[in-house]
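Chemist: Hey, dropping final.cif in here, mmCIF, C-alpha atoms and all ligand atoms; chains and numbers go by the auth columns:
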```cif
data_work
loop_
_atom_site.group_PDB
_atom_site.id
_atom_site.type_symbol
_atom_site.label_atom_id
_atom_site.label_comp_id
_atom_site.label_asym_id
_atom_site.label_seq_id
_atom_site.Cartn_x
_atom_site.Cartn_y
_atom_site.Cartn_z
_atom_site.B_iso_or_equiv
_atom_site.auth_seq_id
_atom_site.auth_asym_id
ATOM 1 C CA MET A 1 -24.297 -39.221 15.646 0.00 1 R
ATOM 2 C CA ARG A 2 -22.141 -41.437 13.472 0.00 2 R
ATOM 3 C CA ARG A 3 -18.400 -41.066 13.676 0.00 3 R
ATOM 4 C CA SER A 4 -18.093 -39.731 10.098 0.00 4 R
ATOM 5 C CA GLY A 5 -20.688 -37.094 10.950 0.00 5 R
ATOM 6 C CA ARG A 6 -18.751 -36.001 14.029 0.00 6 R
ATOM 7 C CA ASN A 7 -15.500 -35.834 12.075 0.00 7 R
ATOM 8 C CA PHE A 8 -17.171 -33.691 9.445 0.00 8 R
ATOM 9 C CA LEU A 9 -18.487 -31.332 12.118 0.00 9 R
ATOM 10 C CA ARG A 10 -15.024 -31.087 13.704 0.00 10 R
ATOM 11 C CA ALA A 11 -13.446 -30.314 10.335 0.00 11 R
ATOM 12 C CA LEU A 12 -16.092 -27.659 9.674 0.00 12 R
ATOM 13 C CA LEU A 13 -15.489 -26.028 13.067 0.00 13 R
ATOM 14 C CA ALA A 14 -11.727 -26.047 12.520 0.00 14 R
ATOM 15 C CA LEU A 15 -12.210 -24.434 9.112 0.00 15 R
ATOM 16 C CA LEU A 16 -14.551 -21.813 10.545 0.00 16 R
ATOM 17 C CA LEU A 17 -12.032 -21.000 13.256 0.00 17 R
ATOM 18 C CA LEU A 18 -9.303 -20.677 10.626 0.00 18 R
ATOM 19 C CA VAL A 19 -11.457 -18.308 8.557 0.00 19 R
ATOM 20 C CA ILE A 20 -12.221 -16.175 11.635 0.00 20 R
ATOM 21 C CA VAL A 21 -8.540 -15.956 12.625 0.00 21 R
ATOM 22 C CA PHE A 22 -7.461 -15.165 9.053 0.00 22 R
ATOM 23 C CA GLY A 23 -10.245 -12.555 8.729 0.00 23 R
ATOM 24 C CA ALA A 24 -9.280 -10.866 11.992 0.00 24 R
ATOM 25 C CA PHE A 25 -5.688 -10.435 10.802 0.00 25 R
ATOM 26 C CA TRP A 26 -6.754 -9.469 7.264 0.00 26 R
ATOM 27 C CA LEU A 27 -9.090 -6.725 8.494 0.00 27 R
ATOM 28 C CA GLY A 28 -6.493 -5.403 10.895 0.00 28 R
ATOM 29 C CA LEU A 29 -8.764 -6.263 13.846 0.00 29 R
ATOM 30 C CA VAL A 30 -5.755 -7.530 15.786 0.00 30 R
ATOM 31 C CA PRO A 31 -3.881 -4.351 16.718 0.00 31 R
ATOM 32 C CA GLN A 32 -0.109 -4.587 16.718 0.00 32 R
ATOM 33 C CA ARG A 33 0.097 -4.501 20.522 0.00 33 R
ATOM 34 C CA TYR A 34 -1.920 -7.768 20.725 0.00 34 R
ATOM 35 C CA SER A 35 -0.446 -9.393 17.649 0.00 35 R
ATOM 36 C CA PRO A 36 1.950 -12.337 18.017 0.00 36 R
ATOM 37 C CA LEU A 37 3.622 -11.152 14.820 0.00 37 R
ATOM 38 C CA ALA A 38 6.580 -8.824 15.278 0.00 38 R
ATOM 39 C CA THR A 39 6.138 -5.119 14.581 0.00 39 R
ATOM 40 C CA ILE A 40 7.448 -4.071 11.186 0.00 40 R
ATOM 41 C CA SER A 41 10.641 -2.052 11.245 0.00 41 R
ATOM 42 C CA LEU A 42 11.586 0.193 8.327 0.00 42 R
ATOM 43 C CA ALA A 43 15.244 -0.417 9.184 0.00 43 R
ATOM 44 C CA ASP A 44 14.881 -4.151 8.657 0.00 44 R
ATOM 45 C CA PRO A 45 12.759 -5.146 5.636 0.00 45 R
ATOM 46 C CA PRO A 46 10.167 -7.774 6.602 0.00 46 R
ATOM 47 C CA THR A 47 9.818 -10.990 4.622 0.00 47 R
ATOM 48 C CA TRP A 48 7.180 -12.957 6.564 0.00 48 R
ATOM 49 C CA PHE A 49 3.493 -12.143 7.074 0.00 49 R
ATOM 50 C CA VAL A 50 4.142 -8.681 5.624 0.00 50 R
ATOM 51 C CA ASP A 51 0.489 -8.098 4.760 0.00 51 R
ATOM 52 C CA PHE A 52 -0.844 -9.074 8.206 0.00 52 R
ATOM 53 C CA ARG A 53 1.874 -7.047 9.939 0.00 53 R
ATOM 54 C CA LEU A 54 0.994 -3.967 7.873 0.00 54 R
ATOM 55 C CA ALA A 55 -2.723 -4.457 8.689 0.00 55 R
ATOM 56 C CA ALA A 56 -1.880 -4.693 12.401 0.00 56 R
ATOM 57 C CA LEU A 57 -0.766 -1.036 12.261 0.00 57 R
ATOM 58 C CA ARG A 58 -4.237 0.114 11.119 0.00 58 R
ATOM 59 C CA ARG A 59 -5.825 0.568 14.526 0.00 59 R
ATOM 60 C CA ASP A 60 -2.653 1.269 16.442 0.00 60 R
ATOM 61 C CA PRO A 61 -1.675 4.932 15.912 0.00 61 R
ATOM 62 C CA GLU A 62 0.976 5.011 18.621 0.00 62 R
ATOM 63 C CA GLN A 63 2.695 1.887 17.369 0.00 63 R
ATOM 64 C CA CYS A 64 2.405 2.913 13.741 0.00 64 R
ATOM 65 C CA ARG A 65 3.942 6.311 14.368 0.00 65 R
ATOM 66 C CA ALA A 66 6.812 4.655 16.176 0.00 66 R
ATOM 67 C CA VAL A 67 7.486 2.711 12.971 0.00 67 R
ATOM 68 C CA LEU A 68 7.662 5.755 10.691 0.00 68 R
ATOM 69 C CA LEU A 69 11.198 6.883 11.392 0.00 69 R
ATOM 70 C CA ALA A 70 13.694 8.991 9.432 0.00 70 R
ATOM 71 C CA PRO A 71 15.700 8.454 7.311 0.00 71 R
ATOM 72 C CA HIS A 72 13.338 5.787 5.954 0.00 72 R
ATOM 73 C CA ILE A 73 10.429 8.221 5.832 0.00 73 R
ATOM 74 C CA VAL A 74 9.840 11.842 6.769 0.00 74 R
ATOM 75 C CA ALA A 75 6.260 11.881 8.058 0.00 75 R
ATOM 76 C CA THR A 76 4.234 13.945 10.540 0.00 76 R
ATOM 77 C CA PRO A 77 1.072 12.685 12.288 0.00 77 R
ATOM 78 C CA ILE A 78 -2.120 14.624 11.502 0.00 78 R
ATOM 79 C CA ALA A 79 -5.409 14.856 13.413 0.00 79 R
ATOM 80 C CA ASP A 80 -8.174 12.346 12.605 0.00 80 R
ATOM 81 C CA LYS A 81 -11.062 13.523 10.454 0.00 81 R
ATOM 82 C CA VAL A 82 -14.026 11.165 10.231 0.00 82 R
ATOM 83 C CA GLN A 83 -17.096 12.030 8.161 0.00 83 R
ATOM 84 C CA PRO A 84 -20.533 10.370 8.264 0.00 84 R
ATOM 85 C CA ASN A 85 -20.542 9.786 4.479 0.00 85 R
ATOM 86 C CA GLY A 86 -17.820 7.139 4.539 0.00 86 R
ATOM 87 C CA CYS A 87 -15.015 9.607 3.929 0.00 87 R
ATOM 88 C CA GLY A 88 -12.205 10.976 6.093 0.00 88 R
ATOM 89 C CA TRP A 89 -9.197 9.433 7.750 0.00 89 R
ATOM 90 C CA THR A 90 -7.849 8.072 11.022 0.00 90 R
ATOM 91 C CA ASN A 91 -4.271 7.288 11.995 0.00 91 R
ATOM 92 C CA ALA A 92 -2.857 9.281 9.073 0.00 92 R
ATOM 93 C CA VAL A 93 0.323 11.223 8.423 0.00 93 R
ATOM 94 C CA ARG A 94 1.657 13.948 6.139 0.00 94 R
ATOM 95 C CA VAL A 95 4.552 12.587 4.083 0.00 95 R
ATOM 96 C CA ALA A 96 7.429 14.699 2.742 0.00 96 R
ATOM 97 C CA GLU A 97 9.912 11.987 1.809 0.00 97 R
ATOM 98 C CA VAL A 98 10.063 8.184 1.480 0.00 98 R
ATOM 99 C CA GLY A 99 13.182 6.099 1.033 0.00 99 R
ATOM 100 C CA GLY A 100 15.166 9.230 0.241 0.00 100 R
ATOM 101 C CA ALA A 101 12.754 10.387 -2.498 0.00 101 R
ATOM 102 C CA GLN A 102 10.730 13.559 -2.158 0.00 102 R
ATOM 103 C CA ILE A 103 6.958 13.393 -2.374 0.00 103 R
ATOM 104 C CA GLY A 104 4.352 15.777 -0.998 0.00 104 R
ATOM 105 C CA LEU A 105 1.399 13.855 0.431 0.00 105 R
ATOM 106 C CA GLU A 106 -1.026 15.857 2.568 0.00 106 R
ATOM 107 C CA GLN A 107 -2.655 12.808 4.169 0.00 107 R
ATOM 108 C CA LEU A 108 -2.032 9.081 3.919 0.00 108 R
ATOM 109 C CA THR A 109 -2.907 6.390 6.448 0.00 109 R
ATOM 110 C CA CYS A 110 0.018 5.282 8.555 0.00 110 R
ATOM 111 C CA GLU A 111 -0.421 1.737 7.230 0.00 111 R
ATOM 112 C CA ALA A 112 -0.210 2.827 3.577 0.00 112 R
ATOM 113 C CA ALA A 113 2.712 5.151 4.384 0.00 113 R
ATOM 114 C CA THR A 114 4.596 2.200 5.888 0.00 114 R
ATOM 115 C CA ALA A 115 3.919 0.112 2.763 0.00 115 R
ATOM 116 C CA LEU A 116 5.065 2.999 0.559 0.00 116 R
ATOM 117 C CA ALA A 117 8.291 3.448 2.520 0.00 117 R
ATOM 118 C CA LEU A 118 9.132 -0.278 2.359 0.00 118 R
ATOM 119 C CA TRP A 119 8.418 -0.437 -1.381 0.00 119 R
ATOM 120 C CA ILE A 120 10.498 2.627 -2.263 0.00 120 R
ATOM 121 C CA GLU A 121 13.462 1.922 -0.003 0.00 121 R
ATOM 122 C CA TYR A 122 13.830 -1.815 -0.526 0.00 122 R
ATOM 123 C CA GLN A 123 12.477 -2.345 -4.044 0.00 123 R
ATOM 124 C CA VAL A 124 12.369 0.830 -6.139 0.00 124 R
ATOM 125 C CA GLN A 125 15.666 2.415 -5.035 0.00 125 R
ATOM 126 C CA PRO A 126 17.789 -0.735 -5.569 0.00 126 R
ATOM 127 C CA LEU A 127 16.068 -1.266 -8.934 0.00 127 R
ATOM 128 C CA ALA A 128 16.798 2.311 -10.054 0.00 128 R
ATOM 129 C CA VAL A 129 20.450 1.988 -9.032 0.00 129 R
ATOM 130 C CA GLU A 130 20.751 -1.382 -10.765 0.00 130 R
ATOM 131 C CA MET A 131 19.134 -0.216 -14.029 0.00 131 R
ATOM 132 C CA PHE A 132 20.197 3.439 -14.262 0.00 132 R
ATOM 133 C CA GLY A 133 22.984 3.874 -11.723 0.00 133 R
ATOM 134 C CA SER A 134 20.989 6.594 -9.985 0.00 134 R
ATOM 135 C CA ARG A 135 18.529 6.804 -7.112 0.00 135 R
ATOM 136 C CA VAL A 136 14.975 8.121 -7.253 0.00 136 R
ATOM 137 C CA ALA A 137 15.015 11.715 -6.003 0.00 137 R
ATOM 138 C CA TRP A 138 11.346 12.659 -6.492 0.00 138 R
ATOM 139 C CA MET A 139 7.992 11.082 -7.195 0.00 139 R
ATOM 140 C CA GLN A 140 4.943 12.712 -8.697 0.00 140 R
ATOM 141 C CA ASP A 141 1.907 12.532 -6.402 0.00 141 R
ATOM 142 C CA MET A 142 -1.298 12.185 -8.428 0.00 142 R
ATOM 143 C CA GLY A 143 -3.535 12.104 -5.354 0.00 143 R
ATOM 144 C CA THR A 144 -4.151 10.521 -1.973 0.00 144 R
ATOM 145 C CA TYR A 145 -7.328 11.732 -0.225 0.00 145 R
ATOM 146 C CA SER A 146 -10.446 12.249 -2.308 0.00 146 R
ATOM 147 C CA CYS A 147 -14.018 11.660 -1.120 0.00 147 R
ATOM 148 C CA ARG A 148 -15.348 9.586 -4.025 0.00 148 R
ATOM 149 C CA ASN A 149 -16.356 6.151 -5.279 0.00 149 R
ATOM 150 C CA ILE A 150 -14.222 3.773 -7.347 0.00 150 R
ATOM 151 C CA ILE A 151 -13.712 5.030 -10.902 0.00 151 R
ATOM 152 C CA GLY A 152 -13.424 3.068 -14.152 0.00 152 R
ATOM 153 C CA ASN A 153 -14.881 -0.272 -13.006 0.00 153 R
ATOM 154 C CA LYS A 154 -18.665 -0.838 -13.276 0.00 154 R
ATOM 155 C CA ARG A 155 -18.640 -3.703 -10.791 0.00 155 R
ATOM 156 C CA TRP A 156 -17.234 -1.571 -7.993 0.00 156 R
ATOM 157 C CA MET A 157 -18.533 1.889 -8.862 0.00 157 R
ATOM 158 C CA ASN A 158 -20.991 1.956 -5.950 0.00 158 R
ATOM 159 C CA MET A 159 -18.179 1.299 -3.523 0.00 159 R
ATOM 160 C CA ARG A 160 -16.094 4.022 -1.858 0.00 160 R
ATOM 161 C CA SER A 161 -12.557 4.271 -3.216 0.00 161 R
ATOM 162 C CA GLN A 162 -9.734 3.749 -0.731 0.00 162 R
ATOM 163 C CA HIS A 163 -8.880 7.354 -1.635 0.00 163 R
ATOM 164 C CA SER A 164 -11.939 8.388 0.391 0.00 164 R
ATOM 165 C CA LEU A 165 -10.122 7.059 3.480 0.00 165 R
ATOM 166 C CA ALA A 166 -6.670 8.418 2.521 0.00 166 R
ATOM 167 C CA ASN A 167 -5.649 4.764 2.304 0.00 167 R
ATOM 168 C CA ALA A 168 -4.429 4.974 -1.310 0.00 168 R
ATOM 169 C CA VAL A 169 -1.749 6.823 -3.231 0.00 169 R
ATOM 170 C CA ASP A 170 -1.429 7.475 -6.976 0.00 170 R
ATOM 171 C CA ILE A 171 2.075 7.808 -8.443 0.00 171 R
ATOM 172 C CA GLY A 172 2.473 9.406 -11.881 0.00 172 R
ATOM 173 C CA ALA A 173 6.229 9.619 -12.416 0.00 173 R
ATOM 174 C CA PHE A 174 9.694 9.177 -10.965 0.00 174 R
ATOM 175 C CA ARG A 175 12.655 11.524 -11.328 0.00 175 R
ATOM 176 C CA LEU A 176 16.128 10.167 -10.680 0.00 176 R
ATOM 177 C CA ALA A 177 19.003 12.060 -9.074 0.00 177 R
ATOM 178 C CA ASN A 178 20.724 12.213 -12.495 0.00 178 R
ATOM 179 C CA GLY A 179 17.726 14.136 -13.895 0.00 179 R
ATOM 180 C CA LYS A 180 16.086 11.252 -15.796 0.00 180 R
ATOM 181 C CA GLN A 181 12.287 11.473 -15.830 0.00 181 R
ATOM 182 C CA ILE A 182 10.268 8.262 -16.066 0.00 182 R
ATOM 183 C CA SER A 183 6.524 8.677 -16.440 0.00 183 R
ATOM 184 C CA ILE A 184 3.677 6.156 -16.397 0.00 184 R
ATOM 185 C CA THR A 185 1.902 7.791 -19.367 0.00 185 R
ATOM 186 C CA LYS A 186 4.953 7.929 -21.609 0.00 186 R
ATOM 187 C CA ASP A 187 7.021 4.934 -20.551 0.00 187 R
ATOM 188 C CA TYR A 188 4.925 2.234 -18.860 0.00 188 R
ATOM 189 C CA LYS A 189 4.066 0.247 -21.985 0.00 189 R
ATOM 190 C CA ALA A 190 7.302 1.032 -23.868 0.00 190 R
ATOM 191 C CA ASP A 191 9.839 -1.667 -24.740 0.00 191 R
ATOM 192 C CA SER A 192 12.631 0.327 -23.129 0.00 192 R
ATOM 193 C CA PRO A 193 14.654 0.273 -19.900 0.00 193 R
ATOM 194 C CA GLU A 194 12.285 2.926 -18.532 0.00 194 R
ATOM 195 C CA GLY A 195 9.264 0.752 -19.367 0.00 195 R
ATOM 196 C CA ARG A 196 10.877 -2.308 -17.798 0.00 196 R
ATOM 197 C CA PHE A 197 11.743 -0.289 -14.700 0.00 197 R
ATOM 198 C CA LEU A 198 8.131 0.855 -14.266 0.00 198 R
ATOM 199 C CA ARG A 199 6.628 -2.583 -14.835 0.00 199 R
ATOM 200 C CA GLU A 200 9.072 -4.242 -12.443 0.00 200 R
ATOM 201 C CA ALA A 201 8.608 -1.542 -9.782 0.00 201 R
ATOM 202 C CA HIS A 202 4.836 -2.003 -10.165 0.00 202 R
ATOM 203 C CA MET A 203 5.005 -5.781 -9.673 0.00 203 R
ATOM 204 C CA ARG A 204 7.209 -5.350 -6.603 0.00 204 R
ATOM 205 C CA ALA A 205 4.575 -3.004 -5.105 0.00 205 R
ATOM 206 C CA CYS A 206 2.210 -5.980 -4.941 0.00 206 R
ATOM 207 C CA GLY A 207 4.248 -7.336 -2.033 0.00 207 R
ATOM 208 C CA TYR A 208 3.220 -4.378 0.132 0.00 208 R
ATOM 209 C CA PHE A 209 -0.080 -3.080 -1.265 0.00 209 R
ATOM 210 C CA ARG A 210 -3.245 -5.167 -1.664 0.00 210 R
ATOM 211 C CA VAL A 211 -4.267 -3.301 -4.773 0.00 211 R
ATOM 212 C CA ALA A 212 -1.500 -2.195 -7.161 0.00 212 R
ATOM 213 C CA ILE A 213 -2.958 -1.352 -10.554 0.00 213 R
ATOM 214 C CA GLY A 214 -1.711 0.625 -13.550 0.00 214 R
ATOM 215 C CA PRO A 215 -2.201 1.150 -17.300 0.00 215 R
ATOM 216 C CA GLN A 216 -2.736 -2.571 -17.946 0.00 216 R
ATOM 217 C CA PHE A 217 -5.722 -2.654 -15.593 0.00 217 R
ATOM 218 C CA ASN A 218 -7.959 -0.100 -17.286 0.00 218 R
ATOM 219 C CA ALA A 219 -8.025 3.267 -19.059 0.00 219 R
ATOM 220 C CA ALA A 220 -8.701 5.123 -15.800 0.00 220 R
ATOM 221 C CA HIS A 221 -5.156 4.157 -14.739 0.00 221 R
ATOM 222 C CA LYS A 222 -3.274 4.983 -17.940 0.00 222 R
ATOM 223 C CA ASP A 223 -1.288 7.765 -16.288 0.00 223 R
ATOM 224 C CA HIS A 224 -0.583 6.469 -12.792 0.00 224 R
ATOM 225 C CA LEU A 225 -0.044 3.521 -10.478 0.00 225 R
ATOM 226 C CA HIS A 226 -2.804 3.238 -7.893 0.00 226 R
ATOM 227 C CA LEU A 227 -1.621 1.629 -4.657 0.00 227 R
ATOM 228 C CA ASP A 228 -3.882 0.915 -1.693 0.00 228 R
ATOM 229 C CA ARG A 229 -4.258 -1.041 1.544 0.00 229 R
ATOM 230 C CA GLY A 230 -8.017 -1.752 1.377 0.00 230 R
ATOM 231 C CA ILE A 231 -9.767 -5.129 1.503 0.00 231 R
ATOM 232 C CA LEU A 232 -9.768 -5.896 -2.234 0.00 232 R
ATOM 233 C CA THR A 233 -6.706 -7.438 -3.893 0.00 233 R
ATOM 234 C CA ARG A 234 -5.458 -6.899 -7.432 0.00 234 R
ATOM 235 C CA CYS A 235 -1.983 -6.842 -8.965 0.00 235 R
ATOM 236 C CA GLN A 236 -2.202 -5.801 -12.600 0.00 236 R
HETATM 237 ZN ZN ZN B . -5.923 5.834 -7.120 0.00 301 T
#
```
Once you've parsed the file, please lay out its structure as structure tokens.
Modeler:
Amino acid sequence: MRRSGRNFLRALLALLLLVIVFGAFWLGLVPQRYSPLATISLADPPTWFVDFRLAALRRDPEQCRAVLLAPHIVATPIADKVQPNGCGWTNAVRVAEVGGAQIGLEQLTCEAATALALWIEYQVQPLAVEMFGSRVAWMQDMGTYSCRNIIGNKRWMNMRSQHSLANAVDIGAFRLANGKQISITKDYKADSPEGRFLREAHMRACGYFRVAIGPQFNAAHKDHLHLDRGILTRCQ
């Protein structure tokens, strides 16, 4: 074989290896206990490889539960429930509070709960204090687990929603400690401090969730932010 041919083959193999390694981390196939990347701590906001480190918690219930500590989150592990139709959950928790804000989630994967806690504590709370001088006290849950396909997008409608795995959360509104209500339906598109708060909080969610979509994405999301830790990516 000519030298250029061998070099091409080497480059191809190196690329293939890179794709395999990237894919293994992306799919969460490298559990946290085998990962060279440090475990995420809710007490110390991560800045590097955040997405891979969140994915590493997917198949590591023990490690993930060790991450979900008060006061950053108030969460209780729940039993796995796997169904043959592509629905159900594993490594999930019940969530009562994140980043000091109340929310009542019956089931959410530990990975998504970690992302939610990081987003609220280190992005949404400082933003609320900066813009309104008050912290978020409560968030409106518009749904986590639901055994169904993706809604509102023809291209993906034959695919199971991340809600069918309890790997997604829909947020409809925020209430601050001073009583101010900020809702996606009413305020998201408004040229007001409330609108700017929601749009900025939404964009900051993209650092923790792979899909973070709202009213600008499509009509099915006009009243909530959909946040998930699936394999698709979208920030809009
Ligand atoms: Zn949703």
Chemist: So what does the PyMOL selection byres (((not hetatm)) within 6 of (chain T and resi 301)) actually pick up in this one, as a PyMOL selection string?
Modeler: chain R and resi 169-170+226
Chemist: When you draw a straight line from CA of Gly230 in chain R to CA of Arg135 in chain R, how long is it in Å?
Modeler: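 Pair CA of Gly230 in chain R / CA of Arg135 in chain R returns 29.2 Å.
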Chemist: Starting from the shown file, work through the PyMOL selection byres (((chain R and resi 45-60) around 7) and not hetatm) and note down what comes out as a count of residues only.
Modeler: 21
Chemist: Go through R:Leu108, R:Leu29, R:Ala205, R:Ala173 and flag the residue nearest Ala79 in chain R, using all atoms listed in the file for the distances.
Modeler: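 Selected residue with least distance to Ala79 in chain R: R:Leu108.
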Chemist: Give me the result of the PyMOL selection byres (((chain R and resi 221) around 12) and not hetatm) on this file, residue by residue, as a list in words.
Modeler: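 The output of the PyMOL selection byres (((chain R and resi 221) around 12) and not hetatm) on this file is Met142, Ile150, Ile151, Gly152, Asn153, Asp170, Ile171, Gly172, Ile184, Thr185, Tyr188, Ala212, Ile213, Gly214, Pro215, Gln216, Phe217, Asn218, Ala219, Ala220, Lys222, Asp223, His224, Leu225, His226, Leu227 and Gln236 of chain R.
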Chemist: Can I get range 51-68 of chain R with N, CA and C atoms filled in, as a PDB file, keeping the file's coordinate frame?
Modeler:
```
ATOM      1  N   ASP R  51       1.829  -8.677   4.890  1.00  0.00           N
ATOM      2  CA  ASP R  51       0.489  -8.098   4.760  1.00  0.00           C
ATOM      3  C   ASP R  51      -0.229  -7.999   6.112  1.00  0.00           C
ATOM      4  N   PHE R  52      -0.199  -9.083   6.890  1.00  0.00           N
ATOM      5  CA  PHE R  52      -0.844  -9.074   8.206  1.00  0.00           C
ATOM      6  C   PHE R  52      -0.175  -8.049   9.128  1.00  0.00           C
ATOM      7  N   ARG R  53       1.149  -7.957   9.037  1.00  0.00           N
ATOM      8  CA  ARG R  53       1.874  -7.047   9.939  1.00  0.00           C
ATOM      9  C   ARG R  53       1.610  -5.586   9.573  1.00  0.00           C
ATOM     10  N   LEU R  54       1.382  -5.324   8.279  1.00  0.00           N
ATOM     11  CA  LEU R  54       0.994  -3.967   7.873  1.00  0.00           C
ATOM     12  C   LEU R  54      -0.414  -3.673   8.397  1.00  0.00           C
ATOM     13  N   ALA R  55      -1.332  -4.648   8.238  1.00  0.00           N
ATOM     14  CA  ALA R  55      -2.723  -4.457   8.689  1.00  0.00           C
ATOM     15  C   ALA R  55      -2.807  -4.231  10.195  1.00  0.00           C
ATOM     16  N   ALA R  56      -1.871  -4.832  10.941  1.00  0.00           N
ATOM     17  CA  ALA R  56      -1.880  -4.693  12.401  1.00  0.00           C
ATOM     18  C   ALA R  56      -1.601  -3.262  12.840  1.00  0.00           C
ATOM     19  N   LEU R  57      -1.072  -2.435  11.920  1.00  0.00           N
ATOM     20  CA  LEU R  57      -0.766  -1.036  12.261  1.00  0.00           C
ATOM     21  C   LEU R  57      -1.995  -0.140  12.120  1.00  0.00           C
ATOM     22  N   ARG R  58      -3.059  -0.686  11.473  1.00  0.00           N
ATOM     23  CA  ARG R  58      -4.237   0.114  11.119  1.00  0.00           C
ATOM     24  C   ARG R  58      -4.888   0.798  12.310  1.00  0.00           C
ATOM     25  N   ARG R  59      -5.104   0.026  13.370  1.00  0.00           N
ATOM     26  CA  ARG R  59      -5.825   0.568  14.526  1.00  0.00           C
ATOM     27  C   ARG R  59      -4.894   0.843  15.697  1.00  0.00           C
ATOM     28  N   ASP R  60      -3.645   1.087  15.389  1.00  0.00           N
ATOM     29  CA  ASP R  60      -2.653   1.269  16.442  1.00  0.00           C
ATOM     30  C   ASP R  60      -1.793   2.508  16.155  1.00  0.00           C
ATOM     31  N   PRO R  61      -2.385   3.705  16.306  1.00  0.00           N
ATOM     32  CA  PRO R  61      -1.675   4.932  15.912  1.00  0.00           C
ATOM     33  C   PRO R  61      -0.321   5.082  16.589  1.00  0.00           C
ATOM     34  N   GLU R  62      -0.274   4.808  17.882  1.00  0.00           N
ATOM     35  CA  GLU R  62       0.976   5.011  18.621  1.00  0.00           C
ATOM     36  C   GLU R  62       2.086   4.118  18.062  1.00  0.00           C
ATOM     37  N   GLN R  63       1.728   2.855  17.884  1.00  0.00           N
ATOM     38  CA  GLN R  63       2.695   1.887  17.369  1.00  0.00           C
ATOM     39  C   GLN R  63       3.098   2.226  15.942  1.00  0.00           C
ATOM     40  N   CYS R  64       2.114   2.630  15.143  1.00  0.00           N
ATOM     41  CA  CYS R  64       2.405   2.913  13.741  1.00  0.00           C
ATOM     42  C   CYS R  64       3.342   4.108  13.617  1.00  0.00           C
ATOM     43  N   ARG R  65       3.078   5.120  14.444  1.00  0.00           N
ATOM     44  CA  ARG R  65       3.942   6.311  14.368  1.00  0.00           C
ATOM     45  C   ARG R  65       5.362   6.010  14.832  1.00  0.00           C
ATOM     46  N   ALA R  66       5.475   5.044  15.712  1.00  0.00           N
ATOM     47  CA  ALA R  66       6.812   4.655  16.176  1.00  0.00           C
ATOM     48  C   ALA R  66       7.597   3.942  15.076  1.00  0.00           C
ATOM     49  N   VAL R  67       6.847   3.427  14.086  1.00  0.00           N
ATOM     50  CA  VAL R  67       7.486   2.711  12.971  1.00  0.00           C
ATOM     51  C   VAL R  67       8.034   3.688  11.932  1.00  0.00           C
ATOM     52  N   LEU R  68       7.319   4.810  11.763  1.00  0.00           N
ATOM     53  CA  LEU R  68       7.662   5.755  10.691  1.00  0.00           C
ATOM     54  C   LEU R  68       8.827   6.664  11.085  1.00  0.00           C
TER      55      LEU R  68
END
```
